[in-house]
Amino acid sequence: MTASPGRRVLLAAPRGYCAGVDRAVIAVEKALEQYGAPVYVRHEIVHNKYVVQTLEKKGAVFVERTEEVPPGNIVMFSAHGVAPVVHEEAERGRLATIDATCPLVTKVHKEAVRFAKEDYDILLIGHEGHEEVIGTSGEAPEHIQLVDGPEDVAKVEVRDPSKVVWLSQTTLSVDETMETVDALKEKFPGLISPPSDDICYATQNRQLAVKQMGAEADLVIVVGSRNSSNSKRLVEVAKLAGARAAHLVDFADEIDEAWLEGVSTVGVTSGASVPEILVEQVLQWLSERGFEDVELVKAAEESIIFSLPKELRRDLREEAAALAAGRGGTGAGEDSAR
């Protein structure tokens, strides 16, 4: 198909992998290289269908429960983080562990522990059932209550309105979170904010880029999986920014050609768990339908890199064998204590 006048693509930057996702995916690949298959991963390492399928082909085995991992094996915890009870489950199951929790999520866990020790009521803004929320709540369950949006504020009760702090899931929409915070502050004027913004830099940057292109785009295509919170938020942000339509797709072949009817400008972005190859396939799909002119919409520069989990420096196969034999080990659980 030849290019039609006026047809263009606005390509968001930054998009795709954030530092935490990159670290987690590389950690699985390195573990498979160093220790051989299988390496068990508790829950999806990141919320992306393509990434999970690719790692499965290399020998990763994804499980939902720690108890599914046979004793004497290696289990990795996903980028979303886990509650302390999961570390205890791994210890009881005689498993060597690798903690691939995103450092920004770990920061929120540490804040929860600190405020709980100071006997604060902690209002965790996030979506019920999300792995990150489950992990953070598990750090201080007796002090934390979930607030799933402004509509939840009315039912929130605290012991002492002068000792209340809010924390948040890192992958939320900035606007969505602040709407909830504003509602909480109306009810609890003494509400304390966390020492730093808990919504991660990558989530904010990707949303900012979408806001910039949303007003110009007739259609926004967000590449990402349906269980990816930050990808779903990008669809919402695009619509709020002015895009006539916005859709979430895992792969280019999920795009409906009917979406292009009457469209001259298509915005393209991807969630923080999405490899660039999937975006390239979408751009190719659009190019074949006349959208060959690609303009970059740059909202921020990203240069953050996180070091790999320190457990990868040890012989975890030997450690796992020792644990299975009841001889203890070097203490993976000790290294991952937070």
# chains A, B, ... in the order shown; residues from 1 in each chain; ligands from 1

call {"tool": "closest_atom_pairs", "arguments": {"of": "region 102-218 of chain A", "to": "region 252-273 of chain A", "cutoff": "7 Å", "atoms": "only C-alpha atoms", "output": "CSV"}}
result
residue,atom,partner,partner_atom,distance
A:Met213,CA,A:Gly267,CA,6.6
A:Ala217,CA,A:Thr265,CA,5.0
A:Asp218,CA,A:Thr265,CA,5.5

call {"tool": "write_last_selection", "arguments": {"atoms": "C-alpha atoms", "output": "compact mmCIF listing (two decimals), in the first residue's frame"}}
result
# COMPACT_ATOMS: atom_id res chain seq x y z
CA MET A 213 1.02 13.07 21.72
CA ALA A 217 -3.47 11.56 17.78
CA ASP A 218 -6.75 10.27 16.39

call {"tool": "closest_residue", "arguments": {"among": "A:Lys298, A:Ile134, A:Pro194, A:Phe77", "to": "Glu111 (chain A)", "atoms": "only C-alpha atoms"}}
result
A:Pro194

call {"tool": "select_by_dssp", "arguments": {"residues": "region 19-51 of chain A", "states": "helix (DSSP H, G or I)", "output": "list in words"}}
result
Ala19, Gly20, Val21, Asp22, Arg23, Ala24, Val25, Ile26, Ala27, Val28, Glu29, Lys30, Ala31, Leu32, Glu33, Gln34, Tyr35, Lys49, Tyr50 and Val51 of chain A

call {"tool": "residues_around", "arguments": {"residues": "region 84-93 of chain A", "least_positions_apart": "5", "cutoff": "7 Å", "atoms": "only C-alpha atoms", "output": "list of chain:residue names"}}
result
A:Thr66, A:Glu67, A:Pro71, A:Gly138, A:Glu139, A:Gly333
